[in-house]
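Here is the structure we will look at, set down as structure tokens.
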Amino acid sequence: MALVIGICYLLLAAYLGAGLILFHRQHLPRGSRWGIVNAATTTSDNTWLQAHRAAAPLLGATAVLCVLNGFAIAALTAEHALSVQLICTLGTAIFTGIVYWSARRAATVSAQKTN
């Protein structure tokens, strides 16, 4: 169970990392599924760039957290009770979600300031 959850975290980190790489190489078109898509960030190309520039540090932090969490959770062995595995997973999921939400919020606020 823990190995599957750890792999899911690593896949999420790869998804976030791919989006960041595309953004930094300027290959992230407006409205791309790799970016932060909402009404505020997709109004113009400039708004899209400013929003992702504001969110990039937090998205990078989220990707790093996913890698660390993925390896930490995958390292939990069968000797650990299932409840310990689920509690660790829930705690890290909540924390990762808060950081990702912060990145989306930073992008939205930056996009609204640009307009």
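Chain labels follow the order of the structure tokens: the first chain is A, the next B, and so on; residue numbering restarts at 1 in every chain, and ligands are counted from 1 in their shown order.
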Discussion item. Could you pull out the helix (DSSP H, G or I) residues of chain A, going by DSSP on the backbone, and write them as an MDAnalysis selection string?
Written reply: chainID A and resid 2:24 45:74 82:114
If you take only C-alpha atoms and a cut-off of 10 Å, which residues of segment 42-93 of chain A touch segment 2-5 of chain A, and what are their nearest atom pairs and distances in Å to one decimal, in chain and number order, as JSON lines?
{"residue": "A:Asn69", "atom": "CA", "partner": "A:Ile5", "partner_atom": "CA", "distance": 9.4}
{"residue": "A:Gly70", "atom": "CA", "partner": "A:Ile5", "partner_atom": "CA", "distance": 7.1}
{"residue": "A:Phe71", "atom": "CA", "partner": "A:Leu3", "partner_atom": "CA", "distance": 8.7}
{"residue": "A:Ala72", "atom": "CA", "partner": "A:Ala2", "partner_atom": "CA", "distance": 9.2}
{"residue": "A:Ile73", "atom": "CA", "partner": "A:Ala2", "partner_atom": "CA", "distance": 5.7}
{"residue": "A:Ala74", "atom": "CA", "partner": "A:Leu3", "partner_atom": "CA", "distance": 4.3}
{"residue": "A:Ala75", "atom": "CA", "partner": "A:Leu3", "partner_atom": "CA", "distance": 7.4}
{"residue": "A:Leu76", "atom": "CA", "partner": "A:Ala2", "partner_atom": "CA", "distance": 6.2}
{"residue": "A:Thr77", "atom": "CA", "partner": "A:Ala2", "partner_atom": "CA", "distance": 7.5}
{"residue": "A:Ala78", "atom": "CA", "partner": "A:Ala2", "partner_atom": "CA", "distance": 8.4}
{"residue": "A:His80", "atom": "CA", "partner": "A:Ala2", "partner_atom": "CA", "distance": 9.7}
{"residue": "A:Leu82", "atom": "CA", "partner": "A:Ala2", "partner_atom": "CA", "distance": 8.5}
{"residue": "A:Val84", "atom": "CA", "partner": "A:Ala2", "partner_atom": "CA", "distance": 9.9}
{"residue": "A:Gln85", "atom": "CA", "partner": "A:Ala2", "partner_atom": "CA", "distance": 6.3}
{"residue": "A:Leu86", "atom": "CA", "partner": "A:Ala2", "partner_atom": "CA", "distance": 8.2}
{"residue": "A:Cys88", "atom": "CA", "partner": "A:Ala2", "partner_atom": "CA", "distance": 9.5}
{"residue": "A:Thr89", "atom": "CA", "partner": "A:Ile5", "partner_atom": "CA", "distance": 7.6}
Fill in: Residues near Phe23 of chain A, cut-off 10 Å, only C-alpha atoms, skip fewer than 4 positions along chain, as a ChimeraX atom specification
/A:17-19,27-29,34-35,49,52-53,56
Worksheet item: Which residue out of A:Ala63, A:Leu68, A:Met1, A:Ile87 has the minimum interatomic distance to Val99 of chain A when only C-alpha atoms are used?
Response: A:Ala63
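Separating atom CA of Ser102 of chain A from atom CA of Tyr9 of chain A is a distance of 18.3 Å.
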Worksheet item: Excluding same-chain residues fewer than 4 positions from segment 96-98 of chain A, what lies within 10 Å of it counting only C-alpha atoms, as a PyMOL selection string?
Response: chain A and resi 9+61-66+69+90-92+102-104
Keeping only all heavy atoms, take the residues you just selected and write them out as a short mmCIF file (atom, residue, chain, number, x, y, z; two decimals), in the first residue's frame.
data_model
loop_
_atom_site.label_atom_id
_atom_site.label_comp_id
_atom_site.auth_asym_id
_atom_site.auth_seq_id
_atom_site.Cartn_x
_atom_site.Cartn_y
_atom_site.Cartn_z
N TYR A 9 2.87 9.84 -5.41
CA TYR A 9 3.52 11.11 -5.09
C TYR A 9 4.63 11.42 -6.10
O TYR A 9 4.79 12.57 -6.53
CB TYR A 9 4.12 11.09 -3.67
CG TYR A 9 3.20 11.63 -2.62
CD1 TYR A 9 2.59 10.79 -1.71
CD2 TYR A 9 2.94 12.99 -2.52
CE1 TYR A 9 1.74 11.28 -0.73
CE2 TYR A 9 2.09 13.49 -1.56
CZ TYR A 9 1.49 12.64 -0.67
OH TYR A 9 0.66 13.13 0.29
N ALA A 61 8.37 24.06 -4.85
CA ALA A 61 8.36 23.52 -3.49
C ALA A 61 7.39 22.35 -3.38
O ALA A 61 7.69 21.35 -2.71
CB ALA A 61 7.97 24.62 -2.50
N THR A 62 6.26 22.44 -4.06
CA THR A 62 5.30 21.34 -4.04
C THR A 62 5.90 20.10 -4.69
O THR A 62 5.75 18.98 -4.18
CB THR A 62 4.00 21.73 -4.77
OG1 THR A 62 3.48 22.93 -4.20
CG2 THR A 62 2.96 20.64 -4.67
N ALA A 63 6.61 20.27 -5.80
CA ALA A 63 7.24 19.13 -6.47
C ALA A 63 8.29 18.49 -5.57
O ALA A 63 8.37 17.26 -5.47
CB ALA A 63 7.86 19.58 -7.80
N VAL A 64 9.10 19.31 -4.90
CA VAL A 64 10.11 18.77 -3.99
C VAL A 64 9.45 18.03 -2.84
O VAL A 64 9.88 16.93 -2.45
CB VAL A 64 11.04 19.90 -3.47
CG1 VAL A 64 11.92 19.42 -2.34
CG2 VAL A 64 11.89 20.44 -4.61
N LEU A 65 8.38 18.60 -2.29
CA LEU A 65 7.64 17.92 -1.22
C LEU A 65 7.10 16.58 -1.69
O LEU A 65 7.14 15.59 -0.95
CB LEU A 65 6.48 18.79 -0.74
CG LEU A 65 6.82 19.94 0.18
CD1 LEU A 65 5.58 20.80 0.41
CD2 LEU A 65 7.35 19.43 1.50
N CYS A 66 6.60 16.53 -2.91
CA CYS A 66 6.07 15.28 -3.43
C CYS A 66 7.16 14.22 -3.56
O CYS A 66 6.94 13.05 -3.25
CB CYS A 66 5.39 15.50 -4.78
SG CYS A 66 3.82 16.34 -4.65
N ASN A 69 8.03 13.19 0.07
CA ASN A 69 6.93 12.41 0.62
C ASN A 69 6.83 11.04 -0.06
O ASN A 69 6.56 10.04 0.59
CB ASN A 69 5.61 13.15 0.48
CG ASN A 69 5.55 14.39 1.32
OD1 ASN A 69 6.25 14.50 2.32
ND2 ASN A 69 4.72 15.33 0.93
N LEU A 90 -2.09 10.84 4.83
CA LEU A 90 -3.07 11.91 4.99
C LEU A 90 -2.39 13.22 5.39
O LEU A 90 -2.69 14.28 4.83
CB LEU A 90 -4.11 11.52 6.03
CG LEU A 90 -5.21 12.55 6.27
CD1 LEU A 90 -6.01 12.78 4.99
CD2 LEU A 90 -6.12 12.10 7.39
N GLY A 91 -1.47 13.15 6.33
CA GLY A 91 -0.76 14.36 6.76
C GLY A 91 0.02 15.00 5.64
O GLY A 91 -0.04 16.22 5.43
N THR A 92 0.73 14.18 4.88
CA THR A 92 1.53 14.74 3.78
C THR A 92 0.63 15.23 2.64
O THR A 92 0.93 16.21 1.98
CB THR A 92 2.56 13.73 3.26
OG1 THR A 92 1.89 12.52 2.90
CG2 THR A 92 3.62 13.45 4.29
N SER A 102 -1.66 27.30 -2.28
CA SER A 102 -0.97 28.60 -2.16
C SER A 102 -0.39 29.02 -3.51
O SER A 102 -0.44 30.20 -3.86
CB SER A 102 0.13 28.53 -1.10
OG SER A 102 -0.41 28.22 0.15
N ALA A 103 0.17 28.07 -4.25
CA ALA A 103 0.72 28.38 -5.57
C ALA A 103 -0.39 28.85 -6.51
O ALA A 103 -0.23 29.83 -7.23
CB ALA A 103 1.43 27.17 -6.15
N ARG A 104 -1.50 28.15 -6.51
CA ARG A 104 -2.63 28.55 -7.36
C ARG A 104 -3.15 29.92 -6.95
O ARG A 104 -3.49 30.75 -7.79
CB ARG A 104 -3.75 27.51 -7.30
CG ARG A 104 -3.41 26.22 -8.00
CD ARG A 104 -4.59 25.28 -8.03
NE ARG A 104 -5.73 25.84 -8.75
CZ ARG A 104 -5.92 25.74 -10.07
NH1 ARG A 104 -5.04 25.10 -10.81
NH2 ARG A 104 -6.98 26.26 -10.63
#
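Distance check against Leu58 of chain A using only C-alpha atoms: of A:Asp45, A:Asn38, A:Ser83, A:Trp101, the minimum falls on A:Trp101.
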Worksheet entry | 8 Å contact set for Ser110 of chain A, only C-alpha atoms, chain neighbours under 6 positions out, as a list of chain:residue names |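 Final neighbour list, sorted by chain and number: A:Thr47, A:Gln50, A:Ala51, A:Ala54.
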Practice prompt. Show which residues sit within 8 Å of Ala111 of chain A, as an MDAnalysis selection string. Count only C-alpha atoms, and ignore same-chain residues fewer than 2 positions away.
Written response: chainID A and resid 40:41 47:48 50:51 107:109 113:115
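Considering the residues A:Ala55, A:Leu22, A:Ala39, A:Val67 and counting only C-alpha atoms, Ile7 of chain A has its shortest atom-to-atom contact with A:Val67.
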Practice prompt. Could you check how far atom CA of Pro57 of chain A sits from atom CA of Val37 of chain A, in Å to one decimal?
Written response: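 Answer for the atom CA of Pro57 of chain A to atom CA of Val37 of chain A separation: 17.1 Å.
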